[in-house]
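S.K.: Contents of data.txt (compact mmCIF, C-alpha atoms and all ligand atoms):
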# COMPACT_ATOMS: atom_id res chain seq x y z
CA MET A 1 6.58 11.65 20.15
CA PRO A 2 3.00 12.49 19.02
CA ARG A 3 1.35 9.86 16.88
CA LYS A 4 1.35 10.67 13.17
CA ARG A 5 -1.99 11.56 11.65
CA VAL A 6 -2.71 9.19 8.76
CA ALA A 7 -5.24 9.17 5.91
CA VAL A 8 -5.90 5.89 4.11
CA LEU A 9 -7.10 6.20 0.51
CA ILE A 10 -9.16 3.34 -0.91
CA SER A 11 -11.32 2.47 -3.90
CA GLY A 12 -12.59 -0.98 -2.96
CA ARG A 13 -12.79 -3.68 -0.33
CA GLY A 14 -10.21 -2.14 2.00
CA SER A 15 -8.60 -5.19 3.57
CA ASN A 16 -5.25 -3.42 3.82
CA MET A 17 -7.05 -0.43 5.31
CA THR A 18 -8.50 -2.77 7.94
CA ALA A 19 -5.04 -4.16 8.69
CA LEU A 20 -3.80 -0.61 9.30
CA ILE A 21 -6.79 0.25 11.49
CA GLU A 22 -6.24 -2.91 13.55
CA ALA A 23 -2.52 -2.21 13.95
CA ALA A 24 -3.19 1.37 15.04
CA LYS A 25 -5.30 0.10 17.95
CA ALA A 26 -2.11 -0.91 19.75
CA GLU A 27 -1.08 1.61 22.38
CA ASP A 28 2.50 1.72 21.20
CA TYR A 29 1.65 2.15 17.51
CA PRO A 30 3.10 5.46 16.29
CA ALA A 31 0.19 6.46 14.02
CA ASP A 32 -3.53 7.15 14.17
CA ILE A 33 -5.81 6.44 11.23
CA CYS A 34 -7.72 9.73 11.23
CA VAL A 35 -9.70 9.35 8.04
CA VAL A 36 -10.47 6.88 5.27
CA MET A 37 -10.99 8.60 1.94
CA SER A 38 -12.55 6.95 -1.09
CA ASN A 39 -12.95 8.08 -4.68
CA ARG A 40 -15.88 5.69 -5.04
CA PRO A 41 -19.09 6.02 -3.02
CA ASP A 42 -19.66 2.26 -3.27
CA ALA A 43 -16.26 1.19 -1.88
CA ALA A 44 -16.96 -1.67 0.54
CA GLY A 45 -14.15 -0.52 2.81
CA LEU A 46 -16.09 2.60 3.80
CA ALA A 47 -18.58 0.58 5.85
CA HIS A 48 -15.75 -1.28 7.61
CA ALA A 49 -14.07 2.01 8.47
CA THR A 50 -17.30 3.44 9.86
CA ALA A 51 -17.85 0.28 11.89
CA ALA A 52 -14.36 0.74 13.33
CA GLY A 53 -15.26 4.30 14.34
CA ILE A 54 -13.04 5.99 11.75
CA ALA A 55 -14.18 9.14 9.91
CA THR A 56 -14.82 8.58 6.21
CA VAL A 57 -15.03 10.93 3.27
CA THR A 58 -15.97 10.23 -0.32
CA ILE A 59 -14.62 12.43 -3.05
CA ASP A 60 -16.20 10.93 -6.14
CA HIS A 61 -13.86 11.39 -9.10
CA ALA A 62 -16.78 10.91 -11.50
CA VAL A 63 -18.33 14.18 -10.29
CA PHE A 64 -15.27 16.03 -11.57
CA GLY A 65 -15.42 14.48 -15.05
CA LYS A 66 -12.10 14.95 -16.81
CA ASN A 67 -10.99 17.65 -14.38
CA ARG A 68 -8.37 15.63 -12.52
CA GLU A 69 -6.90 18.76 -11.02
CA ALA A 70 -10.17 19.82 -9.35
CA PHE A 71 -10.60 16.27 -7.98
CA GLU A 72 -7.13 16.30 -6.49
CA ARG A 73 -7.49 19.81 -5.11
CA ALA A 74 -10.63 18.66 -3.28
CA MET A 75 -8.70 15.73 -1.79
CA GLN A 76 -5.77 17.93 -0.84
CA ARG A 77 -8.06 20.48 0.86
CA ASP A 78 -9.65 17.75 2.94
CA LEU A 79 -6.31 16.20 3.90
CA GLN A 80 -4.94 19.59 4.93
CA SER A 81 -8.05 20.47 6.91
CA ARG A 82 -7.40 17.35 9.02
CA SER A 83 -3.69 18.11 9.48
CA ILE A 84 -2.72 14.79 7.93
CA ASP A 85 0.98 13.87 8.19
CA LEU A 86 1.08 10.68 6.12
CA VAL A 87 -1.08 9.23 3.34
CA CYS A 88 -1.40 5.48 2.71
CA LEU A 89 -2.74 4.38 -0.66
CA ALA A 90 -4.45 1.04 -0.12
CA GLY A 91 -6.05 -0.18 -3.32
CA PHE A 92 -6.64 3.39 -4.47
CA MET A 93 -7.34 2.99 -8.18
CA ARG A 94 -6.74 6.52 -9.52
CA LEU A 95 -3.45 7.62 -10.99
CA LEU A 96 -2.30 10.75 -9.20
CA THR A 97 -0.84 13.74 -11.03
CA PRO A 98 2.72 14.85 -10.34
CA TRP A 99 1.24 17.92 -8.64
CA LEU A 100 -0.48 15.94 -5.86
CA VAL A 101 2.40 13.48 -5.55
CA ARG A 102 4.81 16.37 -5.05
CA GLN A 103 2.74 17.70 -2.12
CA TRP A 104 3.36 14.38 -0.37
CA LEU A 105 6.87 13.37 -1.42
CA GLY A 106 8.34 11.16 1.29
CA ARG A 107 4.97 11.17 3.10
CA MET A 108 2.78 9.05 0.78
CA LEU A 109 3.02 5.24 0.81
CA ASN A 110 1.57 2.65 -1.57
CA ILE A 111 1.24 -1.11 -1.41
CA HIS A 112 1.73 -3.06 -4.61
CA PRO A 113 1.00 -6.81 -4.97
CA ALA A 114 4.35 -7.82 -6.52
CA LEU A 115 8.03 -7.69 -5.77
CA LEU A 116 8.83 -4.40 -7.50
CA PRO A 117 10.31 -3.54 -9.89
CA ALA A 118 8.82 -6.74 -11.34
CA PHE A 119 5.20 -6.66 -12.46
CA LYS A 120 4.20 -3.02 -12.26
CA GLY A 121 0.60 -2.12 -13.06
CA LEU A 122 -2.46 -4.36 -12.84
CA HIS A 123 -2.91 -8.17 -12.97
CA THR A 124 0.36 -8.87 -11.19
CA HIS A 125 -0.56 -12.42 -10.14
CA GLU A 126 -1.48 -13.45 -13.69
CA ALA A 127 1.81 -11.93 -14.87
CA ALA A 128 3.78 -13.78 -12.19
CA LEU A 129 2.22 -17.11 -13.19
CA GLN A 130 2.74 -16.49 -16.89
CA THR A 131 6.35 -15.56 -16.37
CA GLY A 132 6.97 -18.60 -14.21
CA VAL A 133 8.67 -16.88 -11.29
CA LYS A 134 9.01 -19.13 -8.25
CA ILE A 135 8.94 -16.31 -5.70
CA HIS A 136 6.35 -13.53 -5.72
CA GLY A 137 5.17 -11.07 -3.09
CA ALA A 138 4.28 -7.52 -2.16
CA THR A 139 6.03 -4.19 -1.81
CA VAL A 140 5.38 -1.02 0.20
CA HIS A 141 7.08 1.99 -1.34
CA PHE A 142 7.01 5.76 -1.27
CA VAL A 143 4.97 7.27 -4.08
CA VAL A 144 6.74 9.23 -6.81
CA PRO A 145 5.20 10.60 -10.02
CA GLU A 146 6.11 7.47 -12.00
CA MET A 147 3.64 4.65 -11.29
CA ASP A 148 4.75 1.77 -9.01
CA SER A 149 8.21 3.22 -8.67
CA GLY A 150 9.70 5.09 -5.76
CA PRO A 151 11.91 4.08 -2.87
CA ILE A 152 11.06 0.65 -1.49
CA ILE A 153 10.38 0.56 2.26
CA CYS A 154 9.82 -3.18 2.68
CA GLN A 155 8.90 -6.31 0.78
CA GLY A 156 7.39 -9.67 1.66
CA ALA A 157 7.90 -12.79 -0.41
CA VAL A 158 5.83 -15.94 -0.90
CA PRO A 159 6.50 -19.14 -2.86
CA VAL A 160 4.63 -19.75 -6.09
CA HIS A 161 3.21 -23.28 -6.23
CA ASP A 162 2.80 -25.28 -9.42
CA ALA A 163 -0.93 -25.63 -8.81
CA ASP A 164 -1.50 -21.92 -8.16
CA THR A 165 -4.18 -19.95 -9.93
CA PRO A 166 -4.22 -16.13 -9.86
CA ARG A 167 -6.75 -16.46 -7.05
CA THR A 168 -4.77 -18.76 -4.76
CA LEU A 169 -1.60 -16.76 -5.36
CA ALA A 170 -3.43 -13.48 -4.65
CA ALA A 171 -4.67 -14.87 -1.33
CA ARG A 172 -1.14 -15.90 -0.30
CA VAL A 173 0.23 -12.48 -1.23
CA LEU A 174 -2.63 -10.65 0.49
CA ALA A 175 -1.87 -12.36 3.79
CA VAL A 176 1.65 -10.96 3.55
CA GLU A 177 0.34 -7.50 2.58
CA HIS A 178 -1.64 -7.38 5.79
CA ARG A 179 1.57 -7.86 7.80
CA LEU A 180 3.71 -5.67 5.58
CA TYR A 181 1.69 -2.45 5.44
CA PRO A 182 1.38 -1.98 9.22
CA LEU A 183 5.12 -2.62 9.51
CA ALA A 184 5.98 -0.09 6.80
CA LEU A 185 3.74 2.58 8.32
CA ARG A 186 5.25 1.94 11.73
CA LEU A 187 8.79 2.37 10.41
CA VAL A 188 7.95 5.58 8.56
CA ALA A 189 5.90 7.05 11.43
CA GLU A 190 8.74 6.34 13.84
CA GLY A 191 11.07 8.30 11.58
CA ARG A 192 13.31 5.29 11.04
CA VAL A 193 13.26 5.38 7.25
CA ARG A 194 15.86 7.53 5.51
CA ILE A 195 15.75 8.01 1.74
CA GLU A 196 19.09 8.38 0.03
CA SER A 197 19.66 8.28 -3.75
CA GLY A 198 16.26 6.68 -4.30
CA ARG A 199 16.88 3.95 -1.70
CA CYS A 200 15.36 3.52 1.74
CA PHE A 201 17.58 2.72 4.69
CA VAL A 202 15.76 1.53 7.80
CA ALA A 203 17.37 2.10 11.17
CA GLY A 204 17.42 -0.69 13.72
CA MET A 205 16.07 -3.54 11.59
CA ALA A 206 17.72 -6.83 10.75
CA GLY A 207 17.96 -8.00 7.17
CA GLY A 208 15.20 -10.59 7.32
CA ASP A 209 14.70 -14.06 8.64
CA GLY A 210 16.24 -16.37 6.08
CA THR A 211 16.68 -17.57 2.57
CA MET A 212 13.78 -18.90 0.56
CA ILE A 213 14.47 -21.48 -2.11
CA VAL A 214 11.54 -22.56 -4.27
CA PRO A 215 10.82 -25.35 -5.06
CA SER A 216 12.06 -26.90 -1.88
CA ALA A 217 12.44 -30.59 -1.13
CA GLU A 218 11.54 -30.03 2.50
CA GLY A 219 8.62 -32.14 3.59
CA CYS A 220 8.54 -34.05 0.27
CA GLU A 221 8.74 -37.79 -0.32
CA PRO A 222 12.15 -38.83 -1.65
CA SER A 223 12.01 -39.32 -5.43
CA ARG A 224 12.76 -42.75 -6.87
C1 LIG B 301 -4.10 -5.03 -2.79
O1 LIG B 301 -3.72 -6.22 -3.42
C2 LIG B 301 -3.04 -3.98 -2.95
O2 LIG B 301 -1.74 -4.49 -2.98
C3 LIG B 301 -3.38 -3.36 -4.28
O3 LIG B 301 -4.78 -3.35 -4.34
C4 LIG B 301 -5.30 -4.38 -3.50
C5 LIG B 301 -6.23 -3.73 -2.54
O4 LIG B 301 -6.90 -4.66 -1.73
N1 LIG B 301 -2.77 -2.06 -4.41
P1 LIG B 301 -7.70 -4.18 -0.46
O5 LIG B 301 -8.72 -3.16 -0.94
O6 LIG B 301 -6.72 -3.59 0.51
O7 LIG B 301 -8.36 -5.40 0.08
If you convert what's in this file into C-alpha cells, what do you get?

M.R.:
Amino acid sequence: MPRKRVAVLISGRGSNMTALIEAAKAEDYPADICVVMSNRPDAAGLAHATAAGIATVTIDHAVFGKNREAFERAMQRDLQSRSIDLVCLAGFMRLLTPWLVRQWLGRMLNIHPALLPAFKGLHTHEAALQTGVKIHGATVHFVVPEMDSGPIICQGAVPVHDADTPRTLAARVLAVEHRLYPLALRLVAEGRVRIESGRCFVAGMAGGDGTMIVPSAEGCEPSR
C-alpha cells in the first residue's frame, strides 16, 4: 500500500509535529509527512521541520484580515497541490469553518490535551486541577465542524497528583501525546479505523493494558 501523504498544521512549538516526523522515519510507517503548514510566520516548529528536511509553508491568517474564507481557500489550494491525503492538526490555533472541515471529513485529525468530552477548549490542565479529576490525559479525534468533538480514535490517560501544577500536569500529558498521535495516524493511514454512528472502531487492537486507579497505595508507606 502506498504511504499516505500527510500535512501537519501548526501554530507554535510543534512538539507533536516532531513526534509525527520522527515516527514517519520508520520504514514500516504507513505515512509520509510531506509538508508542515503554519498560520504564524514565527511558529517555532517551522525551524524544526526545516531541520528535519520537511517542506514548510506559512499561510499567515493575519494577511487575510477577517476574510477567513480566503485564508482557508489558500490553505486548501496548497494542500491539494501537494496531493495530501490526511491532515493532522497539531497545536493549530485557528478555528476552521465548516466548509474546510467538510473537505476533510474522516481525513483530518486533531490532538486535544484532555480526555474528551471533558475539558473542551483552552486551559484544559487548569480545568482538570480545578475540577479535581484524578485521571486526565489526551485524545486524538477526527475533526468535525463542532470544536473538540468528532469521533475519538484513541486516548491516553495519566494520573493527577496532589502536588501538580498546570505545568507539571501538562508535561505528563504531553509525554503521552507524543506516543498517542503517531499511533493514531498509523491506525488511520493503515485504514484500520472505521467510523460508525459517530464512533471509531479500530481493527486488530486490544482494549488497552490495564486499569488505572488513582490515588493508588502502591509503593506507599502503610498508614498508621
Ligand atoms: C498540545 O498540547 C496539543 O494537544 C494542543 O496544543 C498543544 C500543541 O503543542 N492541541 P505542540 O505545538 O505540539 O508542542

S.K.: As number ranges by chain, please: the residues near Ala49 (chain A) (cut-off 10 Å, only C-alpha atoms, same-chain neighbours under 5 positions excluded).

M.R.: A: 14, 17-18, 21, 33, 35-37, 44, 54-56

S.K.: Please compute the CA of Pro215 (chain A)-CA of Arg172 (chain A) distance, one decimal, in Å.

M.R.: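 Separation of CA of Pro215 (chain A) and CA of Arg172 (chain A): 16.0 Å.
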
S.K.: Mind giving me the straight-line distance from CA of Val202 (chain A) to CA of Leu180 (chain A) in Å, one decimal?

M.R.: 14.2 Å

S.K.: Counting all atoms listed in the file, which residue out of A:Ile195, A:Val173, A:Leu183, A:Leu95 sits closest to Phe142 (chain A)?

M.R.: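 For Phe142 (chain A), the nearest of the given residues is A:Ile195.
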
S.K.: Using only C-alpha atoms and all ligand atoms, I'd like a table of the residues in chain A that come within 9 Å of ligand LIG 301 (chain B); for each, show the closest atom pair and its distance in Å rounded to one decimal, ordered by chain and ascending number, as a Markdown table.

M.R.:
| residue | atom | partner | partner_atom | distance |
| --- | --- | --- | --- | --- |
| A:Ile10 | CA | B:LIG301 | O5 | 6.5 |
| A:Ser11 | CA | B:LIG301 | O5 | 6.9 |
| A:Gly12 | CA | B:LIG301 | O5 | 4.9 |
| A:Arg13 | CA | B:LIG301 | O5 | 4.1 |
| A:Gly14 | CA | B:LIG301 | O5 | 3.5 |
| A:Ser15 | CA | B:LIG301 | O7 | 3.5 |
| A:Asn16 | CA | B:LIG301 | O6 | 3.6 |
| A:Met17 | CA | B:LIG301 | O6 | 5.8 |
| A:Thr18 | CA | B:LIG301 | O6 | 7.7 |
| A:Ala19 | CA | B:LIG301 | O6 | 8.4 |
| A:Ala43 | CA | B:LIG301 | O5 | 8.8 |
| A:Ala44 | CA | B:LIG301 | O5 | 8.5 |
| A:Gly45 | CA | B:LIG301 | O5 | 7.1 |
| A:Leu89 | CA | B:LIG301 | N1 | 7.5 |
| A:Ala90 | CA | B:LIG301 | O6 | 5.2 |
| A:Gly91 | CA | B:LIG301 | O3 | 3.6 |
| A:Phe92 | CA | B:LIG301 | N1 | 6.7 |
| A:Met93 | CA | B:LIG301 | N1 | 7.8 |
| A:Asn110 | CA | B:LIG301 | N1 | 7.0 |
| A:Ile111 | CA | B:LIG301 | O2 | 4.8 |
| A:His112 | CA | B:LIG301 | O2 | 4.1 |
| A:Pro113 | CA | B:LIG301 | O2 | 4.1 |
| A:Ala114 | CA | B:LIG301 | O2 | 7.8 |
| A:Leu122 | CA | B:LIG301 | C3 | 8.7 |
| A:Ala138 | CA | B:LIG301 | O2 | 6.8 |
| A:Thr139 | CA | B:LIG301 | O2 | 7.9 |
| A:Val140 | CA | B:LIG301 | O2 | 8.5 |
| A:Ala170 | CA | B:LIG301 | O1 | 7.4 |
| A:Ala171 | CA | B:LIG301 | O1 | 8.9 |
| A:Val173 | CA | B:LIG301 | O1 | 7.7 |
| A:Leu174 | CA | B:LIG301 | O1 | 6.0 |
| A:Glu177 | CA | B:LIG301 | O2 | 6.7 |
| A:His178 | CA | B:LIG301 | O6 | 8.2 |

S.K.: Can you tell me, as a list in words, what residues are no more than 8 Å from region 187-190 of chain A when counting only C-alpha atoms, ignoring any on the same chain fewer than 2 positions away?

M.R.: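 Residues near the query, excluding close chain neighbours: Arg3, Lys4, Pro30, Ala31, Leu183, Ala184, Leu185, Arg192, Val193 and Val202 of chain A.
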
S.K.: May I have the selected residues written with C-alpha atoms, as a PDB file, in the coordinates of the input?

M.R.:
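Ended up saving to part.pdb:
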ATOM      1  CA  ARG A   3       1.350   9.860  16.880  1.00  0.00           C
ATOM      2  CA  LYS A   4       1.350  10.670  13.170  1.00  0.00           C
ATOM      3  CA  PRO A  30       3.100   5.460  16.290  1.00  0.00           C
ATOM      4  CA  ALA A  31       0.190   6.460  14.020  1.00  0.00           C
ATOM      5  CA  LEU A 183       5.120  -2.620   9.510  1.00  0.00           C
ATOM      6  CA  ALA A 184       5.980  -0.090   6.800  1.00  0.00           C
ATOM      7  CA  LEU A 185       3.740   2.580   8.320  1.00  0.00           C
ATOM      8  CA  ARG A 192      13.310   5.290  11.040  1.00  0.00           C
ATOM      9  CA  VAL A 193      13.260   5.380   7.250  1.00  0.00           C
ATOM     10  CA  VAL A 202      15.760   1.530   7.800  1.00  0.00           C
TER      11      VAL A 202
END

S.K.: Considering all atoms listed in the file, state which residue in the set A:Leu9, A:Val143, A:Val214, A:Gly198 is at the smallest distance from Asp162 (chain A).

M.R.: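 Comparing A:Leu9, A:Val143, A:Val214, A:Gly198 against Asp162 (chain A), the winner is A:Val214.
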
S.K.: Edge lengths and centre, in Å to one decimal, as JSON: that's what I need for the box along x, y and z that holds all listed atoms of region 40-51 of chain A plus 8 Å on each side.

M.R.:
{"center_x": -16.9, "center_y": 2.2, "center_z": 3.4, "size_x": 21.6, "size_y": 23.7, "size_z": 32.9}

S.K.: As an exercise, work out the distance from CA of Ala163 (chain A) to CA of Ala118 (chain A) in Å and give it to one decimal place.

M.R.: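 The value is 21.4 Å.
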
S.K.: I need the residue nearest Arg186 (chain A) from this list: A:Leu20, A:Gly106, A:Ser81, A:His125. Use only C-alpha atoms for the distance.

M.R.: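 Nearest candidate to Arg186 (chain A) out of A:Leu20, A:Gly106, A:Ser81, A:His125: A:Leu20.
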
S.K.: At a cut-off of 12 Å, using all atoms listed in the file, what residues contact Leu79 (chain A)? Leave out same-chain residues fewer than 4 positions from it and give the result as a list of chain:residue names.

M.R.: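 Counting all atoms listed in the file, the residues come to A:Arg5, A:Val6, A:Ala7, A:Val8, A:Leu9, A:Cys34, A:Val35, A:Val36, A:Met37, A:Thr56, A:Val57, A:Ile59, A:Glu72, A:Arg73, A:Ala74, A:Met75, A:Ser83, A:Ile84, A:Asp85, A:Leu86, A:Val87, A:Cys88, A:Leu100, A:Gln103, A:Trp104, A:Met108.
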
S.K.: Any idea what's packed within 7 Å of Cys200 (chain A), counting only C-alpha atoms, ignoring anything in its chain fewer than 4 positions away? Could you give it as a VMD selection string?

M.R.: chain A and resid 151 to 153 193 to 196

S.K.: May I ask which of the residues A:Asn67, A:Thr97, A:Thr168, A:Ser38 is the closest one to Pro145 (chain A), counting all atoms listed in the file?

M.R.: A:Thr97

S.K.: Ranking A:Gly137, A:Ala52, A:Leu116, A:Met205 by minimum distance to Lys25 (chain A) and counting all atoms listed in the file, which one comes first?

M.R.: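 Looking only at the distances to Lys25 (chain A), the closest residue turns out to be A:Ala52.
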
S.K.: Give the answer as one residue: which of A:Pro222, A:Leu105, A:Tyr29, A:Gly156 has the shortest atom-to-atom distance to Gly210 (chain A), using all atoms listed in the file?

M.R.: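 Checking each candidate against Gly210 (chain A), we get A:Gly156 as the closest.
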